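Engineer: Hey, dropping structure.tsv in here, TSV, C-alpha atoms:
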chain	number	residue	atom	x	y	z
A	195	ALA	CA	-21.15	-0.25	0.84
A	196	GLN	CA	-18.20	-1.96	2.46
A	197	ARG	CA	-18.07	-2.32	6.22
A	198	VAL	CA	-16.04	-4.30	8.74
A	199	THR	CA	-17.02	-4.70	12.37
A	200	GLN	CA	-15.01	-6.10	15.25
A	201	PRO	CA	-17.29	-6.22	18.28
A	202	GLU	CA	-14.61	-6.52	20.96
A	203	LYS	CA	-12.32	-3.59	21.65
A	204	LEU	CA	-10.36	-5.61	24.19
A	205	LEU	CA	-9.99	-9.33	24.69
A	206	SER	CA	-8.03	-10.76	27.60
A	207	VAL	CA	-7.17	-14.45	27.87
A	208	PHE	CA	-4.72	-16.48	29.90
A	209	LYS	CA	-1.67	-18.06	28.30
A	210	GLY	CA	-2.56	-21.47	26.86
A	211	ALA	CA	-6.26	-20.67	26.51
A	212	PRO	CA	-8.03	-20.63	23.14
A	213	VAL	CA	-8.68	-17.27	21.56
A	214	GLU	CA	-11.17	-16.11	18.96
A	215	LEU	CA	-11.24	-12.57	17.58
A	216	LYS	CA	-14.48	-11.83	15.80
A	217	CYS	CA	-14.86	-10.07	12.48
A	218	ASN	CA	-18.00	-9.51	10.44
A	219	TYR	CA	-18.23	-7.74	7.13
A	220	SER	CA	-20.73	-6.41	4.64
A	221	TYR	CA	-19.98	-6.25	0.95
A	222	SER	CA	-22.17	-7.01	-2.04
A	223	GLY	CA	-19.39	-8.48	-4.18
A	224	SER	CA	-16.85	-11.22	-3.68
A	225	PRO	CA	-14.57	-10.05	-0.89
A	226	GLU	CA	-10.97	-10.65	-0.02
A	227	LEU	CA	-10.47	-10.73	3.74
A	228	PHE	CA	-7.29	-10.15	5.69
A	229	TRP	CA	-6.08	-10.00	9.27
A	230	TYR	CA	-3.41	-7.43	10.06
A	231	VAL	CA	-1.52	-7.24	13.35
A	232	GLN	CA	0.33	-4.44	15.07
A	233	TYR	CA	2.72	-5.39	17.87
A	234	SER	CA	3.83	-2.76	20.35
A	235	ARG	CA	6.03	-0.11	18.71
A	236	GLN	CA	5.96	-1.89	15.35
A	237	ARG	CA	4.23	-1.10	12.10
A	238	LEU	CA	1.08	-2.74	10.86
A	239	GLN	CA	1.77	-6.04	9.10
A	240	LEU	CA	-0.19	-8.74	7.37
A	241	LEU	CA	-0.96	-11.80	9.49
A	242	LEU	CA	-2.99	-13.84	7.05
A	243	ARG	CA	-5.41	-13.67	4.14
A	244	HIS	CA	-8.34	-15.92	3.44
A	245	ILE	CA	-7.18	-16.83	-0.07
A	246	SER	CA	-4.00	-18.48	1.15
A	247	ARG	CA	-5.78	-20.62	3.78
A	248	GLU	CA	-2.56	-20.80	5.79
A	249	SER	CA	-1.89	-21.06	9.49
A	250	ILE	CA	0.45	-18.28	10.56
A	251	LYS	CA	1.92	-18.28	14.08
A	252	GLY	CA	-0.75	-20.83	14.95
A	253	PHE	CA	-3.60	-18.54	13.85
A	254	THR	CA	-6.25	-19.57	11.34
A	255	ALA	CA	-9.27	-17.80	9.92
A	256	ASP	CA	-12.08	-19.21	7.82
A	257	LEU	CA	-14.25	-17.12	5.56
A	258	ASN	CA	-17.92	-17.91	6.21
A	259	LYS	CA	-19.90	-16.24	3.44
A	260	GLY	CA	-23.23	-17.32	4.89
A	261	GLU	CA	-22.54	-15.55	8.17
A	262	THR	CA	-20.33	-12.88	6.52
A	263	SER	CA	-17.65	-13.59	9.10
A	264	PHE	CA	-13.90	-14.06	9.15
A	265	HIS	CA	-13.07	-14.87	12.76
A	266	LEU	CA	-9.44	-15.34	13.80
A	267	LYS	CA	-8.67	-18.31	16.01
A	268	LYS	CA	-5.77	-19.82	17.87
A	269	PRO	CA	-6.08	-22.91	20.08
A	270	PHE	CA	-3.37	-21.96	22.62
A	271	ALA	CA	-2.59	-18.27	23.09
A	272	GLN	CA	0.96	-17.15	23.86
A	273	GLU	CA	2.07	-13.97	25.63
A	274	GLU	CA	3.79	-12.80	22.44
A	275	ASP	CA	0.40	-12.78	20.70
A	276	SER	CA	-0.53	-9.66	22.66
A	277	ALA	CA	-1.14	-6.97	20.03
A	278	MET	CA	-3.77	-5.01	18.11
A	279	TYR	CA	-5.55	-7.07	15.48
A	280	TYR	CA	-7.38	-5.51	12.55
A	281	CYS	CA	-9.70	-7.29	10.17
A	282	ALA	CA	-9.68	-5.81	6.66
A	283	LEU	CA	-11.79	-6.21	3.56
A	284	LYS	CA	-10.65	-5.55	0.02
A	285	GLY	CA	-13.56	-4.72	-2.20
A	286	GLN	CA	-13.35	-1.54	-4.22
A	287	ASN	CA	-10.83	-0.32	-1.65
A	288	PHE	CA	-9.38	-1.55	1.58
A	289	VAL	CA	-11.63	-1.11	4.61
A	290	PHE	CA	-10.32	-1.85	8.08
A	291	GLY	CA	-12.27	-2.67	11.20
A	292	PRO	CA	-11.74	-0.71	14.42
A	293	GLY	CA	-9.41	-3.34	15.85
A	294	THR	CA	-9.32	-5.65	18.86
A	295	ARG	CA	-6.59	-5.42	21.45
A	296	LEU	CA	-5.60	-8.92	22.52
A	297	SER	CA	-3.95	-9.21	25.90
A	298	VAL	CA	-2.54	-12.62	26.82
A	299	LEU	CA	-1.98	-12.85	30.55
A	300	PRO	CA	0.71	-15.05	32.12
B	199	ASP	CA	16.17	-0.87	4.70
B	200	THR	CA	13.94	-1.75	1.75
B	201	GLY	CA	10.63	-1.22	3.53
B	202	VAL	CA	8.17	1.65	3.22
B	203	SER	CA	9.49	4.87	4.76
B	204	GLN	CA	7.65	8.02	5.78
B	205	ASP	CA	8.92	11.47	6.62
B	206	PRO	CA	8.59	13.17	9.01
B	207	ARG	CA	7.68	10.75	11.78
B	208	HIS	CA	6.13	13.50	13.87
B	209	LYS	CA	4.77	16.91	12.95
B	210	ILE	CA	3.38	19.55	15.27
B	211	THR	CA	1.77	22.54	13.62
B	212	LYS	CA	-0.54	25.40	14.41
B	213	ARG	CA	-4.07	25.52	13.14
B	214	GLY	CA	-4.24	27.13	9.72
B	215	GLN	CA	-0.75	26.10	8.62
B	216	ASN	CA	-0.04	23.82	5.64
B	217	VAL	CA	1.82	20.54	6.11
B	218	THR	CA	3.29	18.04	3.66
B	219	PHE	CA	4.19	14.42	4.29
B	220	ARG	CA	6.30	12.15	2.16
B	221	CYS	CA	6.08	8.40	1.56
B	222	ASP	CA	8.71	6.27	-0.16
B	223	PRO	CA	7.22	2.90	-1.12
B	224	ILE	CA	8.99	-0.37	-1.78
B	225	SER	CA	10.67	0.26	-5.11
B	226	GLU	CA	8.96	-2.33	-7.30
B	227	HIS	CA	5.47	-1.71	-5.90
B	228	ASN	CA	3.06	-0.04	-8.30
B	229	ARG	CA	0.26	0.79	-5.87
B	230	LEU	CA	0.51	3.28	-3.04
B	231	TYR	CA	-2.18	3.98	-0.46
B	232	TRP	CA	-2.69	6.73	2.10
B	233	TYR	CA	-4.68	6.13	5.27
B	234	ARG	CA	-5.56	8.16	8.34
B	235	GLN	CA	-5.83	6.55	11.75
B	236	THR	CA	-7.26	8.16	14.87
B	237	LEU	CA	-7.18	6.81	18.40
B	238	GLY	CA	-9.26	3.69	18.83
B	239	GLN	CA	-9.97	3.28	15.13
B	240	GLY	CA	-8.56	1.24	12.32
B	241	PRO	CA	-6.86	2.83	9.32
B	242	GLU	CA	-9.31	4.85	7.21
B	243	PHE	CA	-8.71	4.89	3.46
B	244	LEU	CA	-7.90	8.31	1.97
B	245	THR	CA	-6.61	7.72	-1.54
B	246	TYR	CA	-4.52	5.44	-3.72
B	247	PHE	CA	-2.27	5.57	-6.75
B	248	GLN	CA	-1.42	3.06	-9.38
B	249	ASN	CA	1.94	4.24	-10.67
B	250	GLU	CA	1.48	8.02	-11.05
B	251	ALA	CA	-2.30	7.92	-11.55
B	252	GLN	CA	-4.54	8.75	-8.59
B	253	LEU	CA	-7.34	6.24	-9.08
B	254	GLU	CA	-9.57	6.75	-6.07
B	255	LYS	CA	-10.21	9.32	-3.36
B	256	SER	CA	-12.37	8.82	-0.32
B	257	ARG	CA	-15.58	10.87	-0.24
B	258	LEU	CA	-14.48	11.86	3.25
B	259	LEU	CA	-11.37	13.57	1.91
B	260	SER	CA	-11.93	17.32	1.99
B	261	ASP	CA	-10.55	19.61	-0.69
B	262	ARG	CA	-7.90	20.76	1.78
B	263	PHE	CA	-6.17	17.42	1.19
B	264	SER	CA	-4.18	16.72	-1.94
B	265	ALA	CA	-1.83	13.91	-2.85
B	266	GLU	CA	0.63	13.41	-5.67
B	267	ARG	CA	2.89	10.70	-6.96
B	268	PRO	CA	4.61	12.54	-9.79
B	269	LYS	CA	6.96	9.88	-11.14
B	270	GLY	CA	5.20	6.81	-9.85
B	271	SER	CA	7.72	6.45	-7.05
B	272	PHE	CA	7.44	8.53	-3.86
B	273	SER	CA	4.22	10.28	-2.91
B	274	THR	CA	3.34	13.43	-0.99
B	275	LEU	CA	0.21	14.22	1.00
B	276	GLU	CA	-0.47	17.88	1.65
B	277	ILE	CA	-3.01	19.28	4.07
B	278	GLN	CA	-3.81	22.96	3.67
B	279	ARG	CA	-5.20	25.19	6.41
B	280	THR	CA	-4.92	22.45	9.02
B	281	GLU	CA	-7.65	22.05	11.63
B	282	GLN	CA	-7.50	20.38	15.01
B	283	GLY	CA	-9.61	17.55	13.63
B	284	ASP	CA	-6.77	16.69	11.25
B	285	SER	CA	-4.68	15.45	14.18
B	286	ALA	CA	-4.09	11.77	13.49
B	287	MET	CA	-1.55	9.20	12.34
B	288	TYR	CA	-1.13	9.26	8.57
B	289	LEU	CA	-0.12	5.90	7.17
B	290	CYS	CA	1.25	4.98	3.79
B	291	ALA	CA	1.25	1.48	2.35
B	292	SER	CA	2.49	-0.01	-0.90
B	293	THR	CA	1.66	-3.19	-2.74
B	294	ASN	CA	1.92	-4.98	-6.03
B	295	PHE	CA	-1.52	-5.29	-7.58
B	296	GLY	CA	-3.42	-4.93	-4.34
B	297	HIS	CA	-2.58	-8.03	-2.37
B	298	GLU	CA	-0.43	-7.79	0.72
B	299	GLN	CA	0.05	-4.19	1.77
B	300	PHE	CA	3.32	-3.16	3.37
B	301	PHE	CA	2.88	-0.28	5.75
B	302	GLY	CA	5.20	2.51	6.70
B	303	PRO	CA	5.74	3.64	10.29
B	304	GLY	CA	3.35	6.57	9.90
B	305	THR	CA	3.52	10.31	10.42
B	306	ARG	CA	1.87	11.54	13.59
B	307	LEU	CA	0.32	14.97	13.07
B	308	THR	CA	-0.66	17.19	15.98
B	309	VAL	CA	-2.52	20.39	15.19
B	310	LEU	CA	-2.52	22.89	18.06
Please go through the file and, once you have read it, give me the structure as structure tokens.

Structural biologist:
Amino acid sequence: AQRVTQPEKLLSVFKGAPVELKCNYSYSGSPELFWYVQYSRQRLQLLLRHISRESIKGFTADLNKGETSFHLKKPFAQEEDSAMYYCALKGQNFVFGPGTRLSVLP
Amino acid sequence: DTGVSQDPRHKITKRGQNVTFRCDPISEHNRLYWYRQTLGQGPEFLTYFQNEAQLEKSRLLSDRFSAERPKGSFSTLEIQRTEQGDSAMYLCASTNFGHEQFFGPGTRLTVL
């Protein structure tokens, strides 16, 4: 079975502080992991995927197969990072986690 | 606008009525997905098409739900005999061979 968990429904940090959004998954095969973001009044869009190993908007995520995690990190949060963040797993199908709302306070 | 479009954006219906939603994917994309999203949850997979073939349906999808993609371009999702529990945002996404999904704006269904 495929499953994605995001333990925090809401995460609030101050501008300039580091941020880490947690994601854990379960899947018996070789997964592809993604982070999607939804800004206010916008559609869901891809932020990054583990295969590309890029840094997008200062965010990075490393796939840790031993811990079955794919946490999203940014060293210095900005107010424009405030959004809903969804971790997603592509196994047989796409499975999304419940999402974490990130609020970056001024 | 060459993105994914969905119609209508909002639908209010009475319990027991049938509703149909349309999704127009990005033109060169061969895969099309339907998701349902309720408050406080992430998108939940419903079904997907590769070209005109419906390859997978969620076990959670009741037989009141049916989807088509007759010419491998646009797709429709029909819900028959709607129930209040069907109230949700219905999202469509398209992709080429299952990598980055491009989402539409969604259709918000309210069943009274």

Engineer: Which residues, written as a CSV table (one decimal) with C-alpha atoms, in the frame of the given file, have at least one atom at most 8 Å from B:Thr293, with all atoms listed in the file counted and residues fewer than 4 positions away on the same chain left out?

Structural biologist:
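This is the output file selection_6.csv:
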chain,number,residue,atom,x,y,z
B,224,ILE,CA,9.0,-0.4,-1.8
B,227,HIS,CA,5.5,-1.7,-5.9
B,228,ASN,CA,3.1,0.0,-8.3
B,229,ARG,CA,0.3,0.8,-5.9
B,230,LEU,CA,0.5,3.3,-3.0
B,297,HIS,CA,-2.6,-8.0,-2.4
B,298,GLU,CA,-0.4,-7.8,0.7
B,299,GLN,CA,0.0,-4.2,1.8
B,300,PHE,CA,3.3,-3.2,3.4

Engineer: B:Arg220, B:Arg234, B:His208, B:Arg262: which is nearest chain A, counting all atoms listed in the file?

Structural biologist: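 Looking at the shortest contact to chain A, the residue is B:Arg234.
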
Engineer: List as CSV every residue of chain A that is in contact with chain B, defined as an atom at most 7 Å from one of its atoms (using all atoms listed in the file), together with the nearest atom pair and the distance in Å rounded to one decimal, sorted by chain and then rising number.

Structural biologist:
residue,atom,partner,partner_atom,distance
A:Arg237,CA,B:Pro303,CA,5.3
A:Leu238,CA,B:Phe301,CA,6.0
A:Gln239,CA,B:Phe300,CA,6.6
A:Leu240,CA,B:Glu298,CA,6.7
A:Tyr280,CA,B:Gly240,CA,6.9
A:Phe288,CA,B:Phe243,CA,6.7
A:Val289,CA,B:Phe243,CA,6.8
A:Phe290,CA,B:Gly240,CA,5.5
A:Gly291,CA,B:Gly240,CA,5.5
A:Pro292,CA,B:Gly240,CA,4.3
A:Gly293,CA,B:Gly240,CA,5.8

Engineer: Which residue out of A:Arg295, A:Glu248, A:Pro300, A:Ala255 has the minimum interatomic distance to A:Leu204 when only C-alpha atoms are used?

Structural biologist: A:Arg295

Engineer: For A:Leu266, which residue among A:Leu296, A:Leu242, A:Leu215, A:Ala282 is the nearest when counting only C-alpha atoms?

Structural biologist: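 Counting only C-alpha atoms, the residue closest to A:Leu266 is A:Leu215.
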
Engineer: Provide the atom CA of A:Gly260 to atom CA of A:Ser222 distance in Å, to one decimal place.

Structural biologist: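 Atom CA of A:Ser222 lies at a distance of 12.5 Å from atom CA of A:Gly260.
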
Engineer: Any chance you could build stretch 284-299 of chain B out to N, CA, C and O atoms and write it as a JSON list (two decimals), in the frame of the given file?

Structural biologist:
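For reference, result25.json as written:
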[["chain", "number", "residue", "atom", "x", "y", "z"],
["B", 284, "ASP", "N", -7.71, 17.40, 12.12],
["B", 284, "ASP", "CA", -6.77, 16.69, 11.25],
["B", 284, "ASP", "C", -5.73, 15.92, 12.04],
["B", 284, "ASP", "O", -4.97, 15.13, 11.47],
["B", 285, "SER", "N", -5.65, 16.16, 13.34],
["B", 285, "SER", "CA", -4.68, 15.45, 14.18],
["B", 285, "SER", "C", -4.94, 13.95, 14.11],
["B", 285, "SER", "O", -6.05, 13.49, 14.39],
["B", 286, "ALA", "N", -3.94, 13.21, 13.70],
["B", 286, "ALA", "CA", -4.09, 11.77, 13.49],
["B", 286, "ALA", "C", -2.74, 11.20, 13.10],
["B", 286, "ALA", "O", -1.76, 11.93, 12.93],
["B", 287, "MET", "N", -2.71, 9.88, 12.94],
["B", 287, "MET", "CA", -1.55, 9.20, 12.34],
["B", 287, "MET", "C", -1.88, 9.02, 10.87],
["B", 287, "MET", "O", -2.95, 8.51, 10.52],
["B", 288, "TYR", "N", -0.95, 9.42, 10.00],
["B", 288, "TYR", "CA", -1.13, 9.26, 8.57],
["B", 288, "TYR", "C", -0.21, 8.13, 8.12],
["B", 288, "TYR", "O", 1.01, 8.20, 8.28],
["B", 289, "LEU", "N", -0.84, 7.11, 7.56],
["B", 289, "LEU", "CA", -0.12, 5.90, 7.17],
["B", 289, "LEU", "C", -0.05, 5.78, 5.66],
["B", 289, "LEU", "O", -1.00, 6.11, 4.96],
["B", 290, "CYS", "N", 1.06, 5.27, 5.20],
["B", 290, "CYS", "CA", 1.25, 4.98, 3.79],
["B", 290, "CYS", "C", 1.50, 3.48, 3.67],
["B", 290, "CYS", "O", 2.12, 2.87, 4.55],
["B", 291, "ALA", "N", 1.01, 2.90, 2.60],
["B", 291, "ALA", "CA", 1.25, 1.48, 2.35],
["B", 291, "ALA", "C", 1.48, 1.29, 0.86],
["B", 291, "ALA", "O", 0.94, 2.02, 0.03],
["B", 292, "SER", "N", 2.29, 0.29, 0.52],
["B", 292, "SER", "CA", 2.49, -0.01, -0.90],
["B", 292, "SER", "C", 2.27, -1.49, -1.15],
["B", 292, "SER", "O", 2.38, -2.32, -0.24],
["B", 293, "THR", "N", 1.96, -1.81, -2.38],
["B", 293, "THR", "CA", 1.66, -3.19, -2.74],
["B", 293, "THR", "C", 1.83, -3.38, -4.24],
["B", 293, "THR", "O", 1.86, -2.41, -4.99],
["B", 294, "ASN", "N", 1.94, -4.64, -4.62],
["B", 294, "ASN", "CA", 1.92, -4.98, -6.03],
["B", 294, "ASN", "C", 0.55, -5.55, -6.37],
["B", 294, "ASN", "O", 0.20, -6.62, -5.90],
["B", 295, "PHE", "N", -0.21, -4.83, -7.13],
["B", 295, "PHE", "CA", -1.52, -5.29, -7.58],
["B", 295, "PHE", "C", -2.47, -5.67, -6.45],
["B", 295, "PHE", "O", -3.26, -6.58, -6.58],
["B", 296, "GLY", "N", -2.35, -4.94, -5.33],
["B", 296, "GLY", "CA", -3.42, -4.93, -4.34],
["B", 296, "GLY", "C", -3.53, -6.14, -3.44],
["B", 296, "GLY", "O", -4.57, -6.34, -2.84],
["B", 297, "HIS", "N", -2.48, -6.93, -3.32],
["B", 297, "HIS", "CA", -2.58, -8.03, -2.37],
["B", 297, "HIS", "C", -2.01, -7.61, -1.04],
["B", 297, "HIS", "O", -2.54, -6.72, -0.41],
["B", 298, "GLU", "N", -0.94, -8.18, -0.58],
["B", 298, "GLU", "CA", -0.43, -7.79, 0.72],
["B", 298, "GLU", "C", 0.07, -6.36, 0.70],
["B", 298, "GLU", "O", 0.87, -5.98, -0.14],
["B", 299, "GLN", "N", -0.42, -5.55, 1.64],
["B", 299, "GLN", "CA", 0.05, -4.19, 1.77],
["B", 299, "GLN", "C", 1.17, -4.14, 2.79],
["B", 299, "GLN", "O", 1.09, -4.76, 3.85]]
